[in-house]
$ cat run37.cif   # mmCIF, C-alpha atoms
data_protein
#
loop_
_atom_site.group_PDB
_atom_site.id
_atom_site.type_symbol
_atom_site.label_atom_id
_atom_site.label_comp_id
_atom_site.auth_asym_id
_atom_site.auth_seq_id
_atom_site.Cartn_x
_atom_site.Cartn_y
_atom_site.Cartn_z
ATOM 1 C CA MET A 1 -51.793 34.736 40.176
ATOM 2 C CA GLU A 2 -48.894 32.360 40.839
ATOM 3 C CA PHE A 3 -50.144 30.159 37.980
ATOM 4 C CA PHE A 4 -49.932 33.032 35.471
ATOM 5 C CA GLU A 5 -46.503 34.049 36.722
ATOM 6 C CA ARG A 6 -45.271 30.479 36.255
ATOM 7 C CA LEU A 7 -46.948 30.285 32.834
ATOM 8 C CA GLY A 8 -45.228 33.515 31.769
ATOM 9 C CA LYS A 9 -41.825 32.169 32.774
ATOM 10 C CA LEU A 10 -42.463 28.898 30.945
ATOM 11 C CA ILE A 11 -43.559 30.700 27.783
ATOM 12 C CA SER A 12 -40.450 32.898 27.936
ATOM 13 C CA ALA A 13 -38.276 29.813 28.335
ATOM 14 C CA ALA A 14 -40.119 28.116 25.460
ATOM 15 C CA ALA A 15 -39.552 31.118 23.191
ATOM 16 C CA ALA A 16 -35.855 30.997 24.069
ATOM 17 C CA VAL A 17 -35.716 27.286 23.185
ATOM 18 C CA VAL A 18 -37.388 27.916 19.804
ATOM 19 C CA GLY A 19 -34.923 30.766 19.181
ATOM 20 C CA ILE A 20 -31.984 28.500 20.005
ATOM 21 C CA VAL A 21 -33.287 25.738 17.697
ATOM 22 C CA PHE A 22 -33.789 28.235 14.844
ATOM 23 C CA GLY A 23 -30.278 29.561 15.444
ATOM 24 C CA LEU A 24 -28.749 26.082 15.397
ATOM 25 C CA PHE A 25 -30.412 25.112 12.114
ATOM 26 C CA ASN A 26 -29.497 28.432 10.514
ATOM 27 C CA SER A 27 -25.825 28.154 11.498
ATOM 28 C CA ILE A 28 -23.854 25.082 12.553
ATOM 29 C CA LEU A 29 -26.591 22.578 11.636
ATOM 30 C CA SER A 30 -27.538 24.214 8.321
ATOM 31 C CA ASP A 31 -26.098 21.293 6.332
ATOM 32 C CA LEU A 32 -28.736 19.047 7.926
ATOM 33 C CA VAL A 33 -31.621 21.098 6.554
ATOM 34 C CA PRO A 34 -33.085 19.338 3.509
ATOM 35 C CA PRO A 35 -33.236 21.490 0.377
ATOM 36 C CA VAL A 36 -37.022 21.890 0.243
ATOM 37 C CA ASP A 37 -39.061 25.059 -0.139
ATOM 38 C CA ASP A 38 -40.807 25.008 3.237
ATOM 39 C CA GLN A 39 -37.823 24.123 5.460
ATOM 40 C CA GLN A 40 -38.315 27.101 7.808
ATOM 41 C CA THR A 41 -42.029 26.339 8.149
ATOM 42 C CA VAL A 42 -41.270 22.740 9.084
ATOM 43 C CA LEU A 43 -38.713 23.923 11.642
ATOM 44 C CA GLY A 44 -41.131 26.379 13.220
ATOM 45 C CA VAL A 45 -44.152 24.065 13.304
ATOM 46 C CA VAL A 46 -42.249 21.129 14.805
ATOM 47 C CA SER A 47 -40.539 23.349 17.402
ATOM 48 C CA VAL A 48 -43.787 24.972 18.464
ATOM 49 C CA LEU A 49 -45.737 21.686 18.601
ATOM 50 C CA SER A 50 -42.991 20.069 20.686
ATOM 51 C CA LEU A 51 -43.007 23.014 23.049
ATOM 52 C CA VAL A 52 -46.802 23.035 23.423
ATOM 53 C CA VAL A 53 -46.676 19.423 24.606
ATOM 54 C CA LEU A 54 -43.709 20.117 26.885
ATOM 55 C CA LEU A 55 -45.343 23.241 28.315
ATOM 56 C CA ALA A 56 -48.501 21.283 29.077
ATOM 57 C CA ILE A 57 -46.418 18.691 30.910
ATOM 58 C CA SER A 58 -44.556 21.427 32.793
ATOM 59 C CA LEU A 59 -47.769 23.076 33.920
ATOM 60 C CA VAL A 60 -49.009 19.903 35.604
ATOM 61 C CA MET A 61 -45.664 19.297 37.318
ATOM 62 C CA PRO A 62 -45.532 20.323 40.963
ATOM 63 C CA ARG A 63 -43.947 23.681 41.752
ATOM 64 C CA ALA A 64 -41.303 22.030 43.945
ATOM 65 C CA PRO A 65 -40.513 18.692 42.298
ATOM 66 C CA THR A 66 -39.492 15.830 44.530
ATOM 67 C CA ARG A 67 -36.081 14.279 44.269
ATOM 68 C CA ARG A 68 -37.649 11.320 42.475
ATOM 69 C CA LEU A 69 -39.231 13.604 39.863
ATOM 70 C CA GLN A 70 -35.911 15.392 39.335
ATOM 71 C CA VAL A 71 -34.200 12.037 38.763
ATOM 72 C CA ALA A 72 -36.965 11.099 36.315
ATOM 73 C CA ILE A 73 -36.487 14.387 34.437
ATOM 74 C CA GLY A 74 -32.720 13.763 34.406
ATOM 75 C CA LEU A 75 -33.233 10.266 32.997
ATOM 76 C CA PHE A 76 -35.636 11.689 30.430
ATOM 77 C CA ALA A 77 -32.983 14.248 29.429
ATOM 78 C CA LEU A 78 -30.417 11.441 29.117
ATOM 79 C CA VAL A 79 -32.767 9.423 26.897
ATOM 80 C CA ALA A 80 -33.477 12.579 24.867
ATOM 81 C CA ALA A 81 -29.718 13.140 24.439
ATOM 82 C CA VAL A 82 -29.247 9.574 23.192
ATOM 83 C CA GLY A 83 -32.248 10.082 20.892
ATOM 84 C CA VAL A 84 -30.748 13.292 19.522
ATOM 85 C CA ALA A 85 -27.418 11.535 18.864
ATOM 86 C CA ALA A 86 -29.060 8.577 17.099
ATOM 87 C CA THR A 87 -31.364 10.819 15.070
ATOM 88 C CA PHE A 88 -28.472 13.107 14.168
ATOM 89 C CA ILE A 89 -26.371 10.202 12.866
ATOM 90 C CA ALA A 90 -29.246 8.681 10.868
ATOM 91 C CA HIS A 91 -30.303 12.027 9.386
ATOM 92 C CA ARG A 92 -26.734 13.040 8.538
ATOM 93 C CA ASN A 93 -26.309 9.709 6.736
ATOM 94 C CA ASN A 94 -29.512 10.308 4.744
ATOM 95 C CA ILE A 95 -28.388 13.839 3.837
ATOM 96 C CA ALA A 96 -25.042 12.456 2.619
ATOM 97 C CA THR A 97 -26.843 9.789 0.583
ATOM 98 C CA TYR A 98 -29.565 11.874 -1.061
ATOM 99 C CA VAL A 99 -28.378 15.493 -1.203
ATOM 100 C CA TYR A 100 -25.847 16.634 -3.773
ATOM 101 C CA GLY A 101 -24.455 19.975 -4.891
ATOM 102 C CA TYR A 102 -24.886 20.966 -8.522
ATOM 103 C CA PRO A 103 -23.016 21.929 -10.650
ATOM 104 C CA PRO A 104 -19.968 19.922 -9.581
ATOM 105 C CA SER A 105 -17.523 21.773 -7.342
ATOM 106 C CA GLU A 106 -14.910 22.217 -10.064
ATOM 107 C CA PHE A 107 -16.824 25.265 -11.254
ATOM 108 C CA SER A 108 -15.772 27.747 -8.582
ATOM 109 C CA ASP A 109 -17.411 30.761 -10.233
ATOM 110 C CA VAL A 110 -20.848 29.135 -10.230
ATOM 111 C CA LYS A 111 -22.936 28.940 -7.068
ATOM 112 C CA GLN A 112 -23.914 25.395 -6.215
ATOM 113 C CA VAL A 113 -27.478 24.508 -5.339
ATOM 114 C CA ARG A 114 -28.368 21.576 -3.113
ATOM 115 C CA LEU A 115 -30.678 19.060 -4.764
ATOM 116 C CA ILE A 116 -32.267 15.774 -3.757
ATOM 117 C CA ALA A 117 -31.564 12.531 -5.587
ATOM 118 C CA GLY A 118 -33.398 9.234 -5.367
ATOM 119 C CA ASP A 119 -32.183 5.664 -5.112
ATOM 120 C CA MET A 120 -30.630 4.758 -8.429
ATOM 121 C CA HIS A 121 -32.272 2.120 -10.577
ATOM 122 C CA GLU A 122 -30.144 -0.457 -12.452
ATOM 123 C CA MET A 123 -29.695 1.682 -15.600
ATOM 124 C CA GLY A 124 -28.907 4.677 -13.394
ATOM 125 C CA LYS A 125 -26.186 2.708 -11.621
ATOM 126 C CA LYS A 126 -24.658 1.824 -15.001
ATOM 127 C CA ARG A 127 -24.849 5.421 -16.220
ATOM 128 C CA ALA A 128 -23.239 6.725 -13.011
ATOM 129 C CA GLU A 129 -20.633 4.000 -12.577
ATOM 130 C CA GLY A 130 -17.352 5.431 -11.310
ATOM 131 C CA LEU A 131 -18.713 8.996 -11.033
ATOM 132 C CA LEU A 132 -19.658 11.178 -8.119
ATOM 133 C CA LEU A 133 -23.366 11.959 -8.131
ATOM 134 C CA ALA A 134 -23.056 15.570 -9.341
ATOM 135 C CA TYR A 135 -20.829 14.481 -12.239
ATOM 136 C CA ALA A 136 -23.259 11.688 -13.151
ATOM 137 C CA VAL A 137 -26.115 14.198 -13.221
ATOM 138 C CA GLN A 138 -24.030 16.597 -15.311
ATOM 139 C CA ARG A 139 -23.025 13.853 -17.765
ATOM 140 C CA ASN A 140 -26.668 12.884 -18.240
ATOM 141 C CA GLY A 141 -27.895 16.389 -19.093
ATOM 142 C CA GLY A 142 -28.351 18.134 -15.740
ATOM 143 C CA PRO A 143 -30.908 17.880 -12.927
ATOM 144 C CA ASP A 144 -33.991 18.755 -14.980
ATOM 145 C CA THR A 145 -33.215 16.227 -17.712
ATOM 146 C CA VAL A 146 -32.267 13.522 -15.211
ATOM 147 C CA ASN A 147 -35.471 14.063 -13.204
ATOM 148 C CA ASP A 148 -37.824 14.534 -16.183
ATOM 149 C CA HIS A 149 -36.556 11.470 -18.071
ATOM 150 C CA GLN A 150 -35.798 9.428 -14.930
ATOM 151 C CA LEU A 151 -32.305 8.663 -16.226
ATOM 152 C CA LEU A 152 -30.713 7.834 -12.848
ATOM 153 C CA TRP A 153 -33.673 7.345 -10.493
ATOM 154 C CA THR A 154 -37.450 7.303 -10.696
ATOM 155 C CA GLN A 155 -39.556 10.273 -9.697
ATOM 156 C CA GLN A 156 -41.191 8.129 -7.014
ATOM 157 C CA SER A 157 -37.767 7.255 -5.574
ATOM 158 C CA ARG A 158 -36.762 10.936 -5.462
ATOM 159 C CA LEU A 159 -40.022 11.881 -3.743
ATOM 160 C CA GLN A 160 -39.541 9.066 -1.199
ATOM 161 C CA ALA A 161 -36.036 10.369 -0.492
ATOM 162 C CA GLU A 162 -37.431 13.885 -0.041
ATOM 163 C CA ARG A 163 -40.068 12.612 2.404
ATOM 164 C CA LYS A 164 -37.416 10.637 4.293
ATOM 165 C CA LEU A 165 -35.277 13.775 4.614
ATOM 166 C CA ILE A 166 -38.213 15.902 5.787
ATOM 167 C CA VAL A 167 -39.316 13.338 8.376
ATOM 168 C CA GLY A 168 -35.725 12.929 9.615
ATOM 169 C CA TYR A 169 -35.464 16.709 9.895
ATOM 170 C CA GLU A 170 -38.742 16.924 11.804
ATOM 171 C CA ILE A 171 -37.663 14.204 14.237
ATOM 172 C CA LEU A 172 -34.255 15.842 14.755
ATOM 173 C CA VAL A 173 -35.828 19.259 15.428
ATOM 174 C CA GLY A 174 -38.330 17.732 17.852
ATOM 175 C CA ALA A 175 -35.619 15.747 19.638
ATOM 176 C CA ILE A 176 -33.329 18.769 20.021
ATOM 177 C CA THR A 177 -36.240 20.924 21.239
ATOM 178 C CA THR A 178 -37.209 18.251 23.774
ATOM 179 C CA LEU A 179 -33.628 17.885 25.007
ATOM 180 C CA LEU A 180 -33.135 21.629 25.424
ATOM 181 C CA PHE A 181 -36.429 21.975 27.254
ATOM 182 C CA ALA A 182 -35.694 19.042 29.592
ATOM 183 C CA LEU A 183 -32.257 20.481 30.363
ATOM 184 C CA GLY A 184 -33.841 23.879 30.981
ATOM 185 C CA VAL A 185 -36.374 22.405 33.420
ATOM 186 C CA LEU A 186 -33.551 20.602 35.234
ATOM 187 C CA ALA A 187 -31.487 23.769 35.420
ATOM 188 C CA LEU A 188 -34.422 25.845 36.687
ATOM 189 C CA ASN A 189 -35.209 23.299 39.392
ATOM 190 C CA ARG A 190 -31.569 23.151 40.416
ATOM 191 C CA PHE A 191 -31.330 26.956 40.446
ATOM 192 C CA ARG A 192 -34.505 27.200 42.533
ATOM 193 C CA GLN A 193 -33.068 24.770 45.101
ATOM 194 C CA ASN A 194 -29.609 26.391 45.297
ATOM 195 C CA PRO A 195 -30.075 30.150 44.815
ATOM 196 C CA PRO A 196 -26.869 32.115 44.231
ATOM 197 C CA PRO A 197 -25.335 33.736 47.346
#
$ encode --input "run37.cif" --output "C-alpha cells"
Amino acid sequence: MEFFERLGKLISAAAAVVGIVFGLFNSILSDLVPPVDDQQTVLGVVSVLSLVVLLAISLVMPRAPTRRLQVAIGLFALVAAVGVAATFIAHRNNIATYVYGYPPSEFSDVKQVRLIAGDMHEMGKKRAEGLLLAYAVQRNGGPDTVNDHQLLWTQQSRLQAERKLIVGYEILVGAITTLLFALGVLALNRFRQNPPP
C-alpha cells in the first residue's frame, strides 16, 4: 500500500513538472520554440519520456535517502542546471541564426510569421549582402520563391536547420524537465526531514 501511495505522489509531482514545462514554453520561453507544425507534440513527448525515466529512478530510490544519496542528487541537479544553461545558450543562438520574421518589421499592420532559413550558399550571400534576412527574402520574391528556387539557401540546408532546431528544442525541454524533477526530489527529501512546526 505504501508503494502505491508513493507512486501516486510521484505521478502528481510529475504532472506538475510537465505542466510547468508547458507553461514555460508557452510564455517566457516561447521565442525558443521552433516554428514547426508539431511543436506542442514534441514538447509533450519529450517531457513525458523524461519523466517516465525519472519516475522509474525515483521508485527504486530508498524511501529515506542517505546523506550521501542526497548529496549525489544535489550534484546531479547542479550538473542539470549547468546543462540547461549550456543548452539554452546554444539553442538560443541557433534560433537567432535560423529563425526570421516575415514580412520585415516595417510593416506594422501585417502579422509576422516565424520561418526557418538555411545556411546561405555563395550566391545567396551575394544576393543578401548588406541586408537583414527578412529583407533579403523579401527582395528575392518572398519565402515561397526563395525556398522553391533555392535563391538564398538549399532545401537540404533549410531542412538541416529545422532538424537542428527541433533537436535543440528536445534537448532543452528534457534538460529543464530533468532539472525541475531533481530539484523537486531534493525539496521533498528536505521537507520530509524537516517538517514544518
$ resolve_selection --input "run37.cif" --expression "the PyMOL selection byres ((chain A and resi 142) around 12)" --output "JSON, numbers by chain"
{"A": [101, 102, 103, 104, 115, 133, 134, 135, 136, 137, 138, 139, 140, 141, 143, 144, 145, 146, 147, 148, 149, 150, 151, 152]}
$ atom_distance --input "run37.cif" --atom1 "CA of Thr177 (chain A)" --atom2 "CA of Val17 (chain A)"
6.7 Å
$ closest_residue --input "run37.cif" --among "A:Leu183, A:Met61, A:Leu43, A:Ala161" --to "Phe22 (chain A)" --atoms "all atoms listed in the file"
A:Leu43
$ resolve_selection --input "run37.cif" --expression "the PyMOL selection byres ((chain A and resi 50) around 9)" --output "list of chain:residue names"
A:Val45, A:Val46, A:Ser47, A:Val48, A:Leu49, A:Leu51, A:Val52, A:Val53, A:Leu54, A:Leu55, A:Val173, A:Gly174, A:Ala175, A:Thr177, A:Thr178
$ write_last_selection --input "run37.cif" --atoms "C-alpha atoms" --output "compact mmCIF listing (two decimals), in the coordinates of the input"
# COMPACT_ATOMS: atom_id res chain seq x y z
CA VAL A 45 -44.15 24.06 13.30
CA VAL A 46 -42.25 21.13 14.80
CA SER A 47 -40.54 23.35 17.40
CA VAL A 48 -43.79 24.97 18.46
CA LEU A 49 -45.74 21.69 18.60
CA LEU A 51 -43.01 23.01 23.05
CA VAL A 52 -46.80 23.04 23.42
CA VAL A 53 -46.68 19.42 24.61
CA LEU A 54 -43.71 20.12 26.88
CA LEU A 55 -45.34 23.24 28.32
CA VAL A 173 -35.83 19.26 15.43
CA GLY A 174 -38.33 17.73 17.85
CA ALA A 175 -35.62 15.75 19.64
CA THR A 177 -36.24 20.92 21.24
CA THR A 178 -37.21 18.25 23.77
$ closest_residue --input "run37.cif" --among "A:Pro62, A:Gly19, A:Gly118, A:Gly74" --to "Leu159 (chain A)" --atoms "only C-alpha atoms"
A:Gly118
$ closest_residue --input "run37.cif" --among "A:Leu165, A:Ala81, A:Val110, A:Leu131" --to "Ala96 (chain A)" --atoms "only C-alpha atoms"
A:Leu165
$ atom_distance --input "run37.cif" --atom1 "CA of Leu24 (chain A)" --atom2 "CA of Val113 (chain A)"
20.8 Å
$ atom_distance --input "run37.cif" --atom1 "CA of Ala64 (chain A)" --atom2 "CA of Phe181 (chain A)"
17.4 Å
$ resolve_selection --input "run37.cif" --expression "the PyMOL selection byres ((chain A and resi 73) around 12)" --output "VMD selection string"
chain A and resid 54 57 to 58 61 65 to 72 74 to 80 178 to 179 181 to 190
$ axis_aligned_box --input "run37.cif" --around "region 137-148 of chain A" --padding-each-side "8 Å" --output "lines of an AutoDock Vina configuration file"
center_x = -30.4
center_y = 15.8
center_z = -16.0
size_x = 30.8
size_y = 21.9
size_z = 22.2
$ closest_residue --input "run37.cif" --among "A:Met123, A:Leu180, A:Leu172, A:Ile11" --to "Ile89 (chain A)" --atoms "all atoms listed in the file"
A:Leu172
